[in-house]
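Enquirer: My file is work_22.cif. It has mmCIF, C-alpha atoms:
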```cif
data_coords
loop_
_atom_site.label_atom_id
_atom_site.label_comp_id
_atom_site.auth_asym_id
_atom_site.auth_seq_id
_atom_site.Cartn_x
_atom_site.Cartn_y
_atom_site.Cartn_z
CA MET J 1 -50.42 8.81 14.84
CA SER J 2 -48.52 6.84 12.28
CA GLY J 3 -50.01 3.59 11.06
CA ARG J 4 -46.65 1.94 11.00
CA LYS J 5 -46.06 -0.85 13.44
CA SER J 6 -43.21 -0.23 15.79
CA ARG J 7 -40.33 -2.61 15.50
CA LYS J 8 -38.02 -3.80 18.23
CA LYS J 9 -34.45 -2.89 17.54
CA VAL J 10 -32.51 -6.04 16.83
CA SER J 11 -28.91 -5.96 17.94
CA SER J 12 -26.44 -6.91 15.25
CA LYS J 13 -23.76 -7.66 17.79
CA VAL J 14 -22.40 -11.21 17.56
CA GLU J 15 -21.79 -12.76 20.97
CA TRP J 16 -18.84 -14.94 19.96
CA SER J 17 -16.27 -13.87 17.41
CA GLY J 18 -13.19 -15.72 16.24
CA THR J 19 -9.61 -14.49 16.11
CA GLN J 20 -6.59 -15.24 13.97
CA THR J 21 -5.34 -17.55 16.73
CA ALA J 22 -6.74 -21.09 16.76
CA ASN J 23 -8.98 -21.92 19.75
CA LEU J 24 -9.10 -18.27 20.83
CA VAL J 25 -12.45 -16.47 20.70
CA ARG J 26 -13.87 -13.23 22.06
CA ARG J 27 -17.19 -12.62 23.76
CA ASN J 28 -19.09 -9.45 22.86
CA GLY J 29 -15.87 -7.86 21.64
CA ALA J 30 -14.42 -7.86 25.16
CA ILE J 31 -13.19 -10.85 27.19
CA TYR J 32 -11.16 -13.55 25.44
CA TYR J 33 -12.00 -17.23 25.88
CA ALA J 34 -10.25 -20.52 25.15
CA GLN J 35 -12.51 -22.67 22.98
CA ILE J 36 -12.16 -26.30 21.93
CA LYS J 37 -14.47 -29.00 20.62
CA ILE J 38 -14.22 -32.43 22.26
CA GLN J 39 -16.34 -35.37 21.12
CA GLY J 40 -18.70 -33.00 19.30
CA LYS J 41 -19.23 -30.69 22.26
CA THR J 42 -17.86 -27.14 22.44
CA PHE J 43 -16.10 -26.14 25.67
CA ARG J 44 -15.15 -22.56 26.57
CA LYS J 45 -13.27 -21.05 29.50
CA SER J 46 -12.62 -17.39 30.20
CA LEU J 47 -9.04 -16.12 30.00
CA VAL J 48 -10.08 -13.16 32.18
CA THR J 49 -8.46 -10.54 29.96
CA GLU J 50 -9.34 -8.16 27.15
CA LYS J 51 -5.73 -7.92 25.97
CA LEU J 52 -4.85 -10.14 23.03
CA THR J 53 -1.19 -10.59 23.98
CA ILE J 54 -2.05 -11.82 27.48
CA ALA J 55 -4.82 -14.05 26.11
CA ARG J 56 -2.36 -15.74 23.76
CA MET J 57 0.09 -16.33 26.62
CA LYS J 58 -2.60 -17.95 28.79
CA LEU J 59 -4.27 -19.96 26.01
CA ALA J 60 -2.23 -23.19 26.12
CA GLY J 61 -2.62 -23.61 29.87
CA LYS J 62 -6.37 -22.97 29.73
CA LEU J 63 -6.85 -25.46 26.87
CA SER J 64 -5.09 -28.09 28.99
CA GLU J 65 -7.50 -27.36 31.85
CA ILE J 66 -10.47 -27.82 29.52
CA ARG J 67 -9.13 -31.11 28.16
CA ALA J 68 -8.48 -32.44 31.68
CA ALA J 69 -11.98 -31.45 32.77
CA ALA J 70 -13.47 -33.15 29.71
CA VAL J 71 -11.53 -36.36 30.43
CA ASN J 72 -12.74 -36.20 34.02
CA ALA J 73 -16.35 -35.77 32.90
CA VAL J 74 -16.17 -38.84 30.67
CA VAL J 75 -14.53 -40.93 33.41
CA PHE J 76 -16.94 -39.58 36.00
CA ASP J 77 -19.88 -40.87 34.00
CA ALA J 78 -18.11 -44.20 33.57
CA ALA J 79 -17.67 -44.43 37.34
CA GLY J 80 -21.45 -44.82 37.57
CA GLY J 81 -23.55 -44.63 40.66
CA GLY J 82 -26.49 -42.28 40.65
CA ASP J 83 -26.86 -41.78 44.40
CA VAL J 84 -26.27 -38.15 45.37
CA THR J 85 -28.69 -37.97 48.28
CA THR J 86 -25.89 -37.39 50.80
CA LEU J 87 -22.61 -35.50 50.62
CA GLY J 88 -20.82 -38.78 51.30
CA ALA J 89 -22.38 -40.32 48.18
CA CYS J 90 -21.40 -37.26 46.11
CA LEU J 91 -17.83 -37.42 47.35
CA GLY J 92 -17.79 -41.13 46.58
CA ARG J 93 -18.74 -40.41 42.98
CA TRP J 94 -16.06 -37.71 42.76
CA ILE J 95 -13.23 -39.90 44.06
CA ALA J 96 -14.37 -42.84 41.91
CA GLY J 97 -13.96 -40.66 38.83
CA GLU J 98 -10.58 -39.35 39.98
CA ARG J 99 -9.30 -42.89 40.56
CA LEU J 100 -10.15 -43.84 36.97
CA ARG J 101 -8.55 -40.82 35.32
CA PRO J 102 -5.68 -41.96 33.07
CA ASP J 103 -4.13 -38.48 32.90
CA LEU J 104 -3.29 -38.16 36.61
CA LYS J 105 0.10 -38.96 38.05
CA THR J 106 0.45 -41.22 41.09
CA SER J 107 1.30 -38.28 43.35
CA THR J 108 -1.86 -36.42 42.28
CA LYS J 109 -4.02 -39.48 42.91
CA GLU J 110 -2.50 -39.84 46.37
CA TYR J 111 -3.26 -36.16 47.01
CA ASN J 112 -6.87 -36.72 45.93
CA GLU J 113 -7.19 -39.63 48.36
CA ARG J 114 -5.97 -37.40 51.17
CA ARG J 115 -8.52 -34.70 50.30
CA TYR J 116 -11.29 -37.29 50.09
CA GLU J 117 -10.43 -38.67 53.53
CA ASP J 118 -10.34 -35.18 55.08
CA LEU J 119 -13.70 -34.27 53.55
CA MET J 120 -15.31 -37.52 54.68
CA ARG J 121 -13.99 -36.90 58.18
CA THR J 122 -15.05 -33.24 58.50
CA LEU J 123 -18.27 -32.83 56.46
CA PRO J 124 -21.74 -34.03 57.60
CA VAL J 125 -21.53 -36.78 54.98
CA GLY J 126 -24.38 -38.93 56.27
CA VAL J 127 -27.11 -36.29 56.29
CA VAL J 128 -29.51 -36.34 53.34
CA ALA J 129 -29.47 -33.29 51.06
CA THR J 130 -32.56 -31.61 52.48
CA GLY J 131 -31.26 -31.99 56.03
CA VAL J 132 -27.98 -30.11 55.57
CA LYS J 133 -28.26 -26.56 56.88
CA SER J 134 -26.39 -23.48 55.68
CA LEU J 135 -25.10 -22.72 59.18
CA VAL J 136 -23.61 -26.22 59.50
CA LEU J 137 -21.70 -25.82 56.24
CA ARG J 138 -20.54 -22.29 57.07
CA THR J 139 -19.27 -23.59 60.42
CA TRP J 140 -17.48 -26.40 58.57
CA TRP J 141 -15.78 -23.90 56.26
CA GLN J 142 -14.69 -21.75 59.21
CA LYS J 143 -13.09 -24.75 60.90
CA VAL J 144 -11.37 -25.89 57.71
CA ALA J 145 -10.06 -22.35 57.17
CA ASP J 146 -8.60 -22.40 60.71
CA ASP J 147 -7.15 -25.92 60.59
CA TYR J 148 -5.47 -26.05 57.17
CA ASN J 149 -3.21 -23.86 55.10
CA PRO J 150 -5.12 -21.54 52.69
CA GLN J 151 -4.33 -23.43 49.49
CA TYR J 152 -5.37 -26.82 50.88
CA ALA J 153 -8.49 -25.33 52.52
CA ASN J 154 -9.50 -23.78 49.18
CA ASN J 155 -9.06 -27.18 47.52
CA LEU J 156 -11.39 -28.80 50.05
CA LEU J 157 -13.94 -26.02 49.55
CA SER J 158 -13.93 -26.50 45.77
CA ILE J 159 -14.65 -30.23 46.08
CA ALA J 160 -17.38 -29.65 48.67
CA GLN J 161 -18.99 -27.05 46.37
CA HIS J 162 -18.78 -29.55 43.50
CA ALA J 163 -20.55 -32.17 45.65
CA LEU J 164 -23.37 -29.75 46.42
CA ASP J 165 -23.64 -28.84 42.72
CA MET J 166 -24.43 -32.51 42.05
CA GLN J 167 -27.36 -32.26 44.42
CA VAL J 168 -28.57 -29.02 42.82
CA GLU J 169 -28.43 -30.64 39.37
CA ALA J 170 -30.36 -33.64 40.72
CA GLY J 171 -33.07 -31.30 42.00
CA LEU J 172 -32.56 -32.31 45.62
CA ILE J 173 -31.74 -28.78 46.79
CA LYS J 174 -32.45 -25.38 45.28
CA GLU J 175 -29.08 -23.74 45.76
CA ASN J 176 -25.47 -24.52 46.60
CA LEU J 177 -25.20 -23.60 50.27
CA LEU J 178 -21.43 -23.14 49.97
CA ALA J 179 -21.55 -20.97 46.84
CA LYS J 180 -21.19 -17.71 48.78
CA CYS J 181 -18.22 -18.87 50.87
CA LYS J 182 -15.19 -16.83 49.87
CA ARG J 183 -11.93 -18.58 49.11
CA LEU J 184 -9.02 -17.73 51.38
CA LYS J 185 -6.34 -15.39 50.13
CA ILE J 186 -3.05 -17.17 49.70
CA PRO J 187 -0.23 -15.06 51.13
CA LYS J 188 2.69 -14.40 48.81
CA VAL J 189 5.92 -15.31 50.50
CA ILE J 190 9.28 -14.02 49.35
CA ARG J 191 11.48 -17.05 49.78
CA GLU J 192 14.86 -16.78 51.40
CA LEU J 193 17.26 -18.50 49.04
CA PRO J 194 20.99 -19.21 48.99
CA SER J 195 23.14 -16.73 47.11
CA GLY J 196 25.33 -17.99 44.29
CA ALA J 197 28.28 -18.29 46.68
CA GLN J 198 26.16 -20.06 49.31
CA MET J 199 24.85 -22.63 46.83
CA ALA J 200 28.40 -23.39 45.68
CA ALA J 201 29.51 -23.72 49.33
CA LEU J 202 26.58 -26.01 50.13
CA ILE J 203 27.36 -28.33 47.22
CA ALA J 204 31.04 -28.43 48.21
CA ASP J 205 30.11 -29.21 51.82
CA VAL J 206 27.79 -32.04 50.77
CA ARG J 207 30.51 -33.46 48.53
CA GLY J 208 32.90 -33.43 51.47
CA GLN J 209 30.60 -35.31 53.85
CA LYS J 210 31.84 -38.69 55.06
CA SER J 211 29.24 -40.79 53.32
CA ARG J 212 29.35 -43.24 50.44
CA PHE J 213 26.54 -41.22 48.82
CA ALA J 214 28.18 -37.80 49.29
CA GLU J 215 29.43 -37.51 45.70
CA GLU J 216 26.11 -38.58 44.22
CA SER J 217 24.13 -36.29 46.54
CA ALA J 218 26.27 -33.32 45.53
CA ASP J 219 25.83 -34.16 41.84
CA MET J 220 22.05 -34.36 42.21
CA ILE J 221 21.88 -31.01 44.02
CA THR J 222 24.05 -29.49 41.29
CA MET J 223 21.73 -30.89 38.62
CA MET J 224 18.66 -29.35 40.30
CA ALA J 225 20.23 -25.99 41.14
CA TYR J 226 21.64 -25.27 37.69
CA SER J 227 18.88 -26.75 35.51
CA GLY J 228 15.67 -25.74 37.32
CA MET J 229 14.24 -29.23 36.92
CA ARG J 230 11.75 -30.58 39.45
CA PRO J 231 13.16 -33.24 41.81
CA ALA J 232 11.10 -36.00 40.14
CA GLU J 233 12.36 -34.92 36.70
CA VAL J 234 15.99 -35.04 37.84
CA TRP J 235 15.48 -38.44 39.44
CA ALA J 236 14.00 -39.82 36.16
CA LEU J 237 17.02 -38.85 34.01
CA GLU J 238 18.85 -41.52 32.05
CA GLY J 239 22.48 -40.94 31.09
CA LYS J 240 22.92 -41.86 27.44
CA ARG J 241 19.31 -41.07 26.54
CA ASP J 242 18.76 -37.66 28.16
CA LEU J 243 22.19 -36.04 28.71
CA LEU J 244 23.20 -34.80 25.27
CA ALA J 245 26.19 -32.75 24.17
CA ASP J 246 24.81 -29.30 24.91
CA LYS J 247 21.36 -29.90 26.39
CA ILE J 248 19.30 -32.04 28.73
CA VAL J 249 16.07 -33.55 27.43
CA VAL J 250 13.39 -33.62 30.14
CA ARG J 251 11.05 -36.42 29.17
CA SER J 252 7.29 -36.73 29.40
CA GLY J 253 5.46 -39.85 30.45
CA LYS J 254 3.31 -41.28 33.22
CA GLU J 255 5.71 -40.26 35.98
CA GLY J 256 7.74 -37.75 33.97
CA THR J 257 7.20 -34.04 33.62
CA LYS J 258 4.33 -32.37 35.41
CA ASN J 259 2.65 -31.35 32.15
CA TYR J 260 3.43 -34.52 30.17
CA GLU J 261 5.46 -32.53 27.66
CA GLU J 262 9.11 -32.98 26.79
CA ARG J 263 11.32 -29.93 26.95
CA VAL J 264 14.97 -29.00 26.55
CA VAL J 265 17.18 -27.39 29.20
CA PRO J 266 20.60 -25.95 28.27
CA ILE J 267 23.66 -27.29 30.05
CA MET J 268 25.05 -24.41 32.08
CA ASP J 269 28.79 -24.22 32.75
CA GLU J 270 28.29 -25.28 36.39
CA LEU J 271 26.64 -28.49 35.15
CA ARG J 272 29.17 -29.67 32.60
CA ALA J 273 31.38 -31.73 34.91
CA VAL J 274 28.39 -33.49 36.47
CA VAL J 275 26.79 -34.17 33.08
CA ALA J 276 30.07 -35.55 31.74
CA ARG J 277 30.28 -37.99 34.66
CA ARG J 278 26.66 -39.07 34.61
CA ARG J 279 26.32 -39.31 30.82
CA LYS J 280 28.40 -42.49 30.80
CA ILE J 281 25.86 -44.36 32.93
CA GLU J 282 23.44 -46.70 31.19
CA GLY J 283 19.84 -46.23 32.32
CA SER J 284 19.07 -44.32 35.51
CA ILE J 285 21.97 -42.13 36.64
CA TRP J 286 21.05 -42.18 40.35
CA SER J 287 21.01 -44.83 43.05
CA ILE J 288 19.67 -42.47 45.76
CA LYS J 289 16.15 -41.10 45.97
CA SER J 290 16.85 -37.70 47.51
CA PRO J 291 19.79 -35.62 48.79
CA GLU J 292 17.54 -33.50 51.03
CA ASN J 293 18.94 -34.71 54.36
CA ALA J 294 22.47 -34.00 53.20
CA MET J 295 21.38 -30.51 52.08
CA ARG J 296 19.80 -29.71 55.43
CA ARG J 297 22.86 -30.88 57.35
CA SER J 298 25.14 -28.73 55.24
CA ALA J 299 22.89 -25.65 55.48
CA LYS J 300 22.89 -26.01 59.26
CA ARG J 301 26.65 -26.53 59.39
CA LEU J 302 27.21 -23.49 57.16
CA GLU J 303 24.82 -21.45 59.38
CA PHE J 304 22.54 -20.25 56.58
CA GLY J 305 19.86 -19.29 59.08
CA PHE J 306 17.02 -20.57 56.84
CA THR J 307 15.74 -23.93 55.66
CA VAL J 308 16.97 -25.29 52.34
CA GLY J 309 14.86 -27.99 50.68
CA LEU J 310 14.86 -29.60 47.25
CA TYR J 311 12.56 -27.01 45.68
CA ALA J 312 14.88 -24.25 46.88
CA CYS J 313 17.17 -25.40 44.04
CA ARG J 314 14.44 -24.74 41.46
CA HIS J 315 13.65 -21.32 42.95
CA PHE J 316 17.38 -20.58 43.06
CA PHE J 317 17.68 -21.34 39.34
CA VAL J 318 14.72 -19.15 38.35
CA THR J 319 15.86 -16.26 40.54
CA ARG J 320 19.44 -16.29 39.26
CA CYS J 321 18.31 -16.50 35.63
CA LEU J 322 15.99 -13.52 36.05
CA GLU J 323 18.64 -11.53 37.91
CA ASN J 324 21.06 -12.17 35.05
CA GLY J 325 18.64 -10.74 32.51
CA VAL J 326 17.22 -13.89 30.90
CA ASP J 327 13.78 -12.97 29.56
CA ILE J 328 10.75 -14.40 31.37
CA PRO J 329 9.30 -16.50 28.50
CA THR J 330 12.67 -18.25 28.07
CA VAL J 331 12.99 -19.05 31.78
CA ALA J 332 9.37 -20.28 31.75
CA ARG J 333 10.20 -22.71 28.92
CA TRP J 334 13.30 -23.96 30.71
CA VAL J 335 11.41 -24.80 33.91
CA GLY J 336 8.38 -26.29 32.13
CA HIS J 337 5.70 -23.61 32.53
CA ARG J 338 3.23 -23.52 29.65
CA ASP J 339 1.73 -20.11 30.37
CA GLY J 340 4.48 -18.07 28.75
CA GLY J 341 5.68 -16.61 32.05
CA ILE J 342 2.43 -15.62 33.82
CA THR J 343 3.28 -17.77 36.85
CA LEU J 344 6.83 -16.43 37.02
CA MET J 345 5.63 -12.84 36.87
CA LYS J 346 3.28 -13.47 39.80
CA ASN J 347 5.67 -15.48 41.97
CA TYR J 348 8.90 -13.64 41.20
CA ALA J 349 7.62 -10.07 40.89
CA HIS J 350 10.14 -8.91 43.51
CA VAL J 351 12.99 -10.20 41.31
CA THR J 352 11.67 -8.70 38.08
CA ASP J 353 10.97 -5.38 39.82
CA GLN J 354 14.51 -5.21 41.14
CA HIS J 355 15.95 -6.11 37.75
CA GLY J 356 13.70 -3.50 36.14
CA MET J 357 15.08 -0.80 38.42
CA GLU J 358 18.63 -1.72 37.41
CA ILE J 359 17.75 -1.72 33.71
CA ALA J 360 16.03 1.65 34.11
CA LYS J 361 19.39 3.20 35.00
CA THR J 362 20.62 2.44 31.48
CA VAL J 363 17.65 4.03 29.66
CA LYS J 364 18.42 7.31 27.85
CA PHE J 365 15.81 9.57 26.27
CA GLY J 366 18.03 11.99 24.45
#
```
Give the structure from the file, written as structure tokens.
Expert:
Amino acid sequence: MSGRKSRKKVSSKVEWSGTQTANLVRRNGAIYYAQIKIQGKTFRKSLVTEKLTIARMKLAGKLSEIRAAAVNAVVFDAAGGGDVTTLGACLGRWIAGERLRPDLKTSTKEYNERRYEDLMRTLPVGVVATGVKSLVLRTWWQKVADDYNPQYANNLLSIAQHALDMQVEAGLIKENLLAKCKRLKIPKVIRELPSGAQMAALIADVRGQKSRFAEESADMITMMAYSGMRPAEVWALEGKRDLLADKIVVRSGKEGTKNYEERVVPIMDELRAVVARRRKIEGSIWSIKSPENAMRRSAKRLEFGFTVGLYACRHFFVTRCLENGVDIPTVARWVGHRDGGITLMKNYAHVTDQHGMEIAKTVKFG
């Protein structure tokens, strides 16, 4: 027997390795992560991919999530209040932090208040941590899943899980009793949208309505349908500031773009007459809040057979751009998506598949 002492094999594998892209790291040579340091603390979030190209496309959006979470954590601590003995107290701490967040828009804060009220109404908020039973919470989740649409139900579940995590961290309970509840699958719906001819007919019909706001309503619908801007972004436009010679500047700000980032949208031919009229106006170019009622009346009169709302204009724009061969990253930039087209590929797969089949007919291999 050898007198040598056996040695344990030490792995030389480095868990985290950097890449040539800032804030992008890889774990154990496999999954990519977004990484950022905030106030001396390192935050990482998985990009759920081993492909570098996809990781780079998803990086900006994931970094924004990390920053928002970090802001929330700081504000949450500032909200104070150490009581987490009941779910009601936990939810109170959560909503207190959300109310203080400077990065949230008014609409998001209103949405948070709605979720808070629904959770306070449906959860056993007054029972102390040790008295809440798994069966009670599973029954709650089943009822929520039945009563609300999948996306909203999943939102409520996430907040309830977060509340229970507070109690786990405080040592009041050993495990999160909602941790094993599975989120609902959100069905993918292929939207029925107006064709190019139908959208033109709808705008013409709105313009012909006997109303003092008919012209303005038609202009606003035109602006949404041929720019892809969100309704709130269109409503915030100012004539001389935002409507330039060949482009529209979509501004950031407290109630501006969804992602607080300015972007540029080209002026399509269908928009030029409207832009020329509205550009002359000082300040806000609209006196109405929404043309939705006029849209619905026209769609009914024209017998579309499906509902047409404000966001149908945005979906119309994206669909027509993709059908006309505009590449996905470009369309994503125009409509204000920061993920390089990941969202468009998921939500408009039926459009890109159809376009791909048409393009395939032109491919020659010899």
Enquirer: I need the output of the PyMOL selection byres ((chain J and resi 249) around 12) for this file as a VMD selection string; which residues are they?
Expert: chain J and resid 227 229 233 to 234 236 to 248 250 to 252 256 to 257 261 to 267 334 to 336
Enquirer: Could you dump the residues just selected with C-alpha atoms as a compact mmCIF listing (two decimals), in the coordinates of the input?
Expert:
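As written to disk, again.txt reads:
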```
# COMPACT_ATOMS: atom_id res chain seq x y z
CA SER J 227 18.88 -26.75 35.51
CA MET J 229 14.24 -29.23 36.92
CA GLU J 233 12.36 -34.92 36.70
CA VAL J 234 15.99 -35.04 37.84
CA ALA J 236 14.00 -39.82 36.16
CA LEU J 237 17.02 -38.85 34.01
CA GLU J 238 18.85 -41.52 32.05
CA GLY J 239 22.48 -40.94 31.09
CA LYS J 240 22.92 -41.86 27.44
CA ARG J 241 19.31 -41.07 26.54
CA ASP J 242 18.76 -37.66 28.16
CA LEU J 243 22.19 -36.04 28.71
CA LEU J 244 23.20 -34.80 25.27
CA ALA J 245 26.19 -32.75 24.17
CA ASP J 246 24.81 -29.30 24.91
CA LYS J 247 21.36 -29.90 26.39
CA ILE J 248 19.30 -32.04 28.73
CA VAL J 250 13.39 -33.62 30.14
CA ARG J 251 11.05 -36.42 29.17
CA SER J 252 7.29 -36.73 29.40
CA GLY J 256 7.74 -37.75 33.97
CA THR J 257 7.20 -34.04 33.62
CA GLU J 261 5.46 -32.53 27.66
CA GLU J 262 9.11 -32.98 26.79
CA ARG J 263 11.32 -29.93 26.95
CA VAL J 264 14.97 -29.00 26.55
CA VAL J 265 17.18 -27.39 29.20
CA PRO J 266 20.60 -25.95 28.27
CA ILE J 267 23.66 -27.29 30.05
CA TRP J 334 13.30 -23.96 30.71
CA VAL J 335 11.41 -24.80 33.91
CA GLY J 336 8.38 -26.29 32.13
```
Enquirer: Pick out the closest residue to Thr130 (chain J) from this set: J:Gly208, J:Gly92, J:Gly171, J:Gly341. Count all atoms listed in the file.
Expert: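 Of J:Gly208, J:Gly92, J:Gly171, J:Gly341, the one nearest Thr130 (chain J), counting all atoms listed in the file, is J:Gly171.
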Enquirer: Quick check, in Å to one decimal: how far apart do CA of Leu156 (chain J) and CA of Arg99 (chain J) lie?
Expert: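 Atom-to-atom, CA of Leu156 (chain J) and CA of Arg99 (chain J) are spaced 17.1 Å apart.
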Enquirer: I'd like to see the residues matched by the PyMOL selection byres ((chain J and resi 49) around 12) on this file, and ideally I'd get them as a PyMOL selection string.
Expert: chain J and resi 24-27+29-34+45-48+50-59
Enquirer: One number please: CA of Arg333 (chain J) to CA of Lys62 (chain J), in Å, one decimal.
Expert: 16.6 Å
Enquirer: Can you spell out as a list in words the set of residues that the PyMOL selection byres ((chain J and resi 215) around 12) selects in the structure I just provided?
Expert: Ile203, Ala204, Asp205, Val206, Arg207, Gly208, Gln209, Lys210, Ser211, Arg212, Phe213, Ala214, Glu216, Ser217, Ala218, Asp219, Met220, Ile221, Thr222, Val274, Arg277, Arg278, Trp286, Ser287, Ile288, Pro291 and Ala294 of chain J
Enquirer: Got a sec: who's within 12 Å of Val127 (chain J), counting only C-alpha atoms, leaving out chain neighbours fewer than 6 positions off, as a ChimeraX atom specification?
Expert: /J:84-90,120,133,136-137
Enquirer: So that I have them on file, write out the residues from the current selection with C-alpha atoms, as an mmCIF file, in the coordinates of the input.
Expert:
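Written output follows (part_9.cif):
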```
data_model
loop_
_atom_site.group_PDB
_atom_site.id
_atom_site.type_symbol
_atom_site.label_atom_id
_atom_site.label_comp_id
_atom_site.auth_asym_id
_atom_site.auth_seq_id
_atom_site.Cartn_x
_atom_site.Cartn_y
_atom_site.Cartn_z
ATOM 1 C CA VAL J 84 -26.270 -38.150 45.370
ATOM 2 C CA THR J 85 -28.690 -37.970 48.280
ATOM 3 C CA THR J 86 -25.890 -37.390 50.800
ATOM 4 C CA LEU J 87 -22.610 -35.500 50.620
ATOM 5 C CA GLY J 88 -20.820 -38.780 51.300
ATOM 6 C CA ALA J 89 -22.380 -40.320 48.180
ATOM 7 C CA CYS J 90 -21.400 -37.260 46.110
ATOM 8 C CA MET J 120 -15.310 -37.520 54.680
ATOM 9 C CA LYS J 133 -28.260 -26.560 56.880
ATOM 10 C CA VAL J 136 -23.610 -26.220 59.500
ATOM 11 C CA LEU J 137 -21.700 -25.820 56.240
#
```
Enquirer: Figure out the distance between CA of Ile66 (chain J) and CA of Glu98 (chain J), please, to one decimal in Å.
Expert: 15.6 Å
